[in-house]
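J.: Before anything else, here's the structure in question.
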Amino acid sequence: MRSTFLHRTRKWIGASALAILIGMGGGTAFLTASSQIASAQAQVTPAAQITSPTASPATGFADLVEAVKPGVVSIVVEGRDASQPDDQGFNGQIPDLPDDNPLKKFFQQFGDQFGNAPNGGPGGPQGKKPQGRRFAAAGSGFVISADGYIVTNNHVVQNANKVTVTFDNGDQKTATIVGTDERTDLAVVKVDGETNLPFVKFSEDPIRVGDWVVAVGNPFGLGGTVTAGIVSAEGRDVGGSTYGDFLQIDAAVNMGNSGGPTFNLKGEVVGVNTEIFSPNGGNVGIAFAIPAKTVEQITASLIKSGSVTRGFLGVSIQDVTRDIADSVGLKDDKGALVTTLTDDSPGGKAGLKSGDIITKVDGQAIDNALALSRTIASKAPGTSVELTVFRDGKEMTVTATLGTLTDTKPTTPDQQKPAPDQPVAPTTTDVGLTLVPNSGGDGLLVQDVQEDSVAADKGFAVGDTILEVDNKKVSTGADFEAAVKSVKDSGRGTALIKAERDGNVRFIGLPLSK
């Protein structure tokens, strides 16, 4: 059976017949700061805006397509991928070899061909440096203003040195990159010197599952291709993406459709096609589009400043499962559970603690961790937000002033391990865990997990560190047993366990009986 992947839909051309980009990167995606949102249409000539008669499946989509196609473009990019070591790990630098090694003379003689000086200095006399592989690729886009602003995907123009836009009438223009946003995979390019280009508008109407949609784009470099289908689902959190609110559509979308628009039957853009779900790289009726509301916000910010600024709370979070909700006495398994934070983060300064469950932001309900990330990032840095927090069985409010989100990744602490040859006293528990004191740090180490136990069912593994039980720190087997007894005495059947694996902290709701 062939593996099934998520594919980005930029079409690579040139030396390779077809190359597929898989995934969109990890982490949570965000919306632009609300204080920076401005309508791109306010900057253009309304006379050039495309209008379309409302279409219907009964009458066909020909009139709609005829109206909107002039606003859809094909995009061809040329550039170089980021320089990377080759398959043998060679990164363009002369290896440090002994003087009597026969390969050293070879590198001294031909090193400049690899981006090195013959004497081993970086760059050589011509100043050469290792460069990535040249590429050419094709994607799609659409015009959003009469003066030449065009929306596409970030991965379409990534690493591009030259961007060429082909309009529906065959005209070709060179475009410049105005700004890109990797988190939402959106980009804006501009064709200069234009004043009256036909452009399309974003839909302000809510999209519904079952609505008809029409996709227009440049699949496989063919250009000007139209497909139709319906909205299959909303709010899709596509694995590997940094944005978790995709529309799923069943209109045929293939390689090269990246950055192209999906229209409603009014000829308004409801989404930007960006990925497909496929076992073979071709269309199987599952495609994902970034919703128009997000696209409009992000592109307006890119046009205004070339970048997107997002709010930042500075906490690591996870979803609230049914077991976790039961373990803390929370009625609904909704909210975002704070796993770790630092004292100097905006959340830490506001008084948030590990184990808090954030259920609302400024009165808006938070269903899961992704919803919290999107909500916080949609607000401007410096904004004061009121967080509704569930802590110790009670609801409370915390006010936080948001910082500025950066792409700097936090350092991961080394996994704590017991010192070698340190005598330990194992504790066997009723939940299937054998625990030993962690002489190398805080908590208890899992020495063994009994098969078919509740602990095994919940994914505990040898080497995990248990830091807290029911928000109480544990460092001995007696601490663990006492915390579990306290949970039972309170009438709860599930204990909240704070555990660490490979430097990553997570909470687990552990039922106390099978």
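Chains: A, B, ... in order of the structure tokens. Residues: from 1 per chain. Ligands: from 1, in order shown.
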Among range 334-417 of chain A, which residues does DSSP mark as strand (DSSP E) when it is run on the backbone? Keep the chain and numbering as in the structure and answer as a PDB file with N, CA and C atoms, in the first residue's frame.
T.:
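What ended up in out_35.pdb:
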ATOM      1  N   ALA A 336      -7.611  25.305  26.935  1.00  0.00           N
ATOM      2  CA  ALA A 336      -6.192  25.096  26.655  1.00  0.00           C
ATOM      3  C   ALA A 336      -5.459  24.967  27.976  1.00  0.00           C
ATOM      4  N   LEU A 337      -4.781  23.843  28.168  1.00  0.00           N
ATOM      5  CA  LEU A 337      -4.089  23.542  29.416  1.00  0.00           C
ATOM      6  C   LEU A 337      -2.652  24.045  29.340  1.00  0.00           C
ATOM      7  N   VAL A 338      -2.259  24.886  30.292  1.00  0.00           N
ATOM      8  CA  VAL A 338      -0.896  25.427  30.338  1.00  0.00           C
ATOM      9  C   VAL A 338       0.044  24.346  30.869  1.00  0.00           C
ATOM     10  N   THR A 339       1.045  23.976  30.074  1.00  0.00           N
ATOM     11  CA  THR A 339       2.006  22.956  30.504  1.00  0.00           C
ATOM     12  C   THR A 339       3.250  23.591  31.113  1.00  0.00           C
ATOM     13  N   THR A 340       3.872  24.531  30.413  1.00  0.00           N
ATOM     14  CA  THR A 340       5.061  25.202  30.925  1.00  0.00           C
ATOM     15  C   THR A 340       5.009  26.683  30.578  1.00  0.00           C
ATOM     16  N   LEU A 341       5.706  27.473  31.360  1.00  0.00           N
ATOM     17  CA  LEU A 341       5.868  28.908  31.098  1.00  0.00           C
ATOM     18  C   LEU A 341       7.014  29.408  31.947  1.00  0.00           C
ATOM     19  N   ILE A 357      -6.090  25.939  33.238  1.00  0.00           N
ATOM     20  CA  ILE A 357      -6.839  25.695  31.998  1.00  0.00           C
ATOM     21  C   ILE A 357      -7.505  27.007  31.589  1.00  0.00           C
ATOM     22  N   ILE A 358      -7.105  27.541  30.451  1.00  0.00           N
ATOM     23  CA  ILE A 358      -7.677  28.791  29.945  1.00  0.00           C
ATOM     24  C   ILE A 358      -8.925  28.442  29.143  1.00  0.00           C
ATOM     25  N   THR A 359     -10.069  28.946  29.598  1.00  0.00           N
ATOM     26  CA  THR A 359     -11.343  28.587  28.963  1.00  0.00           C
ATOM     27  C   THR A 359     -11.938  29.732  28.140  1.00  0.00           C
ATOM     28  N   LYS A 360     -11.494  30.981  28.417  1.00  0.00           N
ATOM     29  CA  LYS A 360     -12.006  32.129  27.666  1.00  0.00           C
ATOM     30  C   LYS A 360     -10.924  33.192  27.536  1.00  0.00           C
ATOM     31  N   VAL A 361     -10.999  33.963  26.456  1.00  0.00           N
ATOM     32  CA  VAL A 361     -10.172  35.153  26.280  1.00  0.00           C
ATOM     33  C   VAL A 361     -11.099  36.310  25.962  1.00  0.00           C
ATOM     34  N   GLN A 364     -14.518  35.315  25.085  1.00  0.00           N
ATOM     35  CA  GLN A 364     -14.687  34.397  23.946  1.00  0.00           C
ATOM     36  C   GLN A 364     -14.257  32.993  24.354  1.00  0.00           C
ATOM     37  N   ALA A 365     -15.134  32.017  24.176  1.00  0.00           N
ATOM     38  CA  ALA A 365     -14.850  30.641  24.586  1.00  0.00           C
ATOM     39  C   ALA A 365     -13.671  30.077  23.803  1.00  0.00           C
ATOM     40  N   SER A 384      -4.021  44.375  26.261  1.00  0.00           N
ATOM     41  CA  SER A 384      -4.375  43.758  27.533  1.00  0.00           C
ATOM     42  C   SER A 384      -5.557  42.820  27.318  1.00  0.00           C
ATOM     43  N   VAL A 385      -5.416  41.567  27.747  1.00  0.00           N
ATOM     44  CA  VAL A 385      -6.475  40.578  27.562  1.00  0.00           C
ATOM     45  C   VAL A 385      -6.875  39.997  28.906  1.00  0.00           C
ATOM     46  N   GLU A 386      -8.157  39.692  29.038  1.00  0.00           N
ATOM     47  CA  GLU A 386      -8.672  39.058  30.254  1.00  0.00           C
ATOM     48  C   GLU A 386      -8.844  37.568  30.000  1.00  0.00           C
ATOM     49  N   LEU A 387      -8.139  36.758  30.759  1.00  0.00           N
ATOM     50  CA  LEU A 387      -8.163  35.311  30.601  1.00  0.00           C
ATOM     51  C   LEU A 387      -9.022  34.695  31.700  1.00  0.00           C
ATOM     52  N   THR A 388      -9.975  33.876  31.303  1.00  0.00           N
ATOM     53  CA  THR A 388     -10.750  33.108  32.279  1.00  0.00           C
ATOM     54  C   THR A 388     -10.036  31.780  32.487  1.00  0.00           C
ATOM     55  N   VAL A 389      -9.674  31.499  33.736  1.00  0.00           N
ATOM     56  CA  VAL A 389      -8.812  30.363  34.063  1.00  0.00           C
ATOM     57  C   VAL A 389      -9.511  29.451  35.066  1.00  0.00           C
ATOM     58  N   PHE A 390      -9.430  28.138  34.829  1.00  0.00           N
ATOM     59  CA  PHE A 390      -9.922  27.144  35.781  1.00  0.00           C
ATOM     60  C   PHE A 390      -8.715  26.610  36.549  1.00  0.00           C
ATOM     61  N   ARG A 391      -8.711  26.841  37.889  1.00  0.00           N
ATOM     62  CA  ARG A 391      -7.577  26.440  38.729  1.00  0.00           C
ATOM     63  C   ARG A 391      -8.103  25.938  40.072  1.00  0.00           C
ATOM     64  N   LYS A 394     -11.843  25.911  40.715  1.00  0.00           N
ATOM     65  CA  LYS A 394     -12.593  27.163  40.674  1.00  0.00           C
ATOM     66  C   LYS A 394     -12.207  27.986  39.448  1.00  0.00           C
ATOM     67  N   GLU A 395     -13.136  28.857  39.046  1.00  0.00           N
ATOM     68  CA  GLU A 395     -12.891  29.741  37.916  1.00  0.00           C
ATOM     69  C   GLU A 395     -12.419  31.094  38.434  1.00  0.00           C
ATOM     70  N   MET A 396     -11.434  31.673  37.742  1.00  0.00           N
ATOM     71  CA  MET A 396     -10.900  32.969  38.120  1.00  0.00           C
ATOM     72  C   MET A 396     -10.497  33.710  36.863  1.00  0.00           C
ATOM     73  N   THR A 397     -10.173  34.992  36.995  1.00  0.00           N
ATOM     74  CA  THR A 397      -9.736  35.783  35.845  1.00  0.00           C
ATOM     75  C   THR A 397      -8.327  36.301  36.074  1.00  0.00           C
ATOM     76  N   VAL A 398      -7.581  36.360  34.983  1.00  0.00           N
ATOM     77  CA  VAL A 398      -6.208  36.856  34.993  1.00  0.00           C
ATOM     78  C   VAL A 398      -6.074  37.844  33.848  1.00  0.00           C
ATOM     79  N   THR A 399      -5.454  38.977  34.095  1.00  0.00           N
ATOM     80  CA  THR A 399      -5.246  39.968  33.041  1.00  0.00           C
ATOM     81  C   THR A 399      -3.779  39.951  32.615  1.00  0.00           C
ATOM     82  N   ALA A 400      -3.545  39.812  31.313  1.00  0.00           N
ATOM     83  CA  ALA A 400      -2.187  39.737  30.776  1.00  0.00           C
ATOM     84  C   ALA A 400      -1.993  40.779  29.685  1.00  0.00           C
ATOM     85  N   THR A 401      -0.791  41.340  29.618  1.00  0.00           N
ATOM     86  CA  THR A 401      -0.415  42.253  28.542  1.00  0.00           C
ATOM     87  C   THR A 401       0.462  41.493  27.563  1.00  0.00           C
ATOM     88  N   GLY A 403       2.969  40.207  24.660  1.00  0.00           N
ATOM     89  CA  GLY A 403       4.238  40.578  24.071  1.00  0.00           C
ATOM     90  C   GLY A 403       4.186  40.406  22.563  1.00  0.00           C
ATOM     91  N   THR A 404       5.362  40.357  21.929  1.00  0.00           N
ATOM     92  CA  THR A 404       5.462  40.215  20.476  1.00  0.00           C
ATOM     93  C   THR A 404       5.987  38.833  20.133  1.00  0.00           C
TER      94      THR A 404
END
J.: Any idea what's packed within 10 Å of Ala175 in chain A, counting only C-alpha atoms, ignoring anything in its chain fewer than 2 positions away? Could you give it as a PyMOL selection string?
T.: chain A and resi 75+77+148-150+162-165+172-173+177-178+188-192
J.: What separation in Å, quoted to one decimal, exists between CA of Lys458 in chain A and CA of Thr321 in chain A?
T.: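 Value for the CA of Lys458 in chain A-CA of Thr321 in chain A distance: 11.5 Å.
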J.: Among the residues of range 204-324 of chain A, find those DSSP assigns to helix (DSSP H, G or I) from the backbone and print them as a list of chain:residue names.
T.: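 Helix (DSSP H, G or I) assignments inside range 204-324 of chain A correspond to A:Pro219, A:Phe220, A:Gly221, A:Ala292, A:Lys293, A:Thr294, A:Val295, A:Glu296, A:Gln297, A:Ile298, A:Thr299, A:Ala300, A:Ser301, A:Leu302, A:Ile303, A:Lys304, A:Ser305, A:Arg322, A:Asp323, A:Ile324.
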J.: For the atom pair CA of Val272 in chain A and CA of Phe142 in chain A, what is the interatomic distance in Å to one decimal place?
T.: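 Separation between CA of Val272 in chain A and CA of Phe142 in chain A: 9.3 Å.
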J.: Excluding same-chain residues fewer than 3 positions from range 485-493 of chain A, what lies within 10 Å of it counting only C-alpha atoms, as a list in words?
T.: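 Listed by chain and then number, they are Asp323, Asp326, Ser327, Val328, Gly329, Val469, Asp470, Asp479, Phe480, Glu481, Ala482, Leu496, Gly509, Leu510, Pro511, Leu512 and Ser513 of chain A.
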J.: Just how far from CA of Gly314 in chain A is CA of Gly459 in chain A, in Å to one decimal?
T.: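 Between CA of Gly459 in chain A and CA of Gly314 in chain A the gap is 27.2 Å.
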J.: Under the rule that only C-alpha atoms are counted, which of A:Val320, A:Val474, A:Ile249, A:Ile230 is the nearest residue to Ile366 in chain A?
T.: A:Val320
J.: Pick the closest to Arg133 in chain A from A:Ala160, A:Val214, A:Val72, A:Ala455: which is it, counting only C-alpha atoms?
T.: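 Closest to Arg133 in chain A of all the choices is A:Ala160.
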J.: Rank nothing, just name the residue among A:Phe220, A:Glu268, A:Asp181, A:Phe246 nearest to Val68 in chain A, using only C-alpha atoms.
T.: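 Checking each of A:Phe220, A:Glu268, A:Asp181, A:Phe246 against Val68 in chain A, counting only C-alpha atoms, the winner is A:Glu268.
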J.: Excluding Arg501 in chain A and any residue of its chain fewer than 5 positions from it, enumerate the residues within 9 Å of it, using only C-alpha atoms, and give them as a list of chain:residue names.
T.: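 Answer for this query is A:Gln415, A:Ala461, A:Gly463, A:Asp464, A:Thr465, A:Arg506.
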J.: Of the candidates A:Val270, A:Ala251, A:Val209, A:Val462, which shows the shortest atom-to-atom distance to Glu500 in chain A, using only C-alpha atoms?
T.: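 The shortest atom-to-atom distance to Glu500 in chain A comes from A:Val462.
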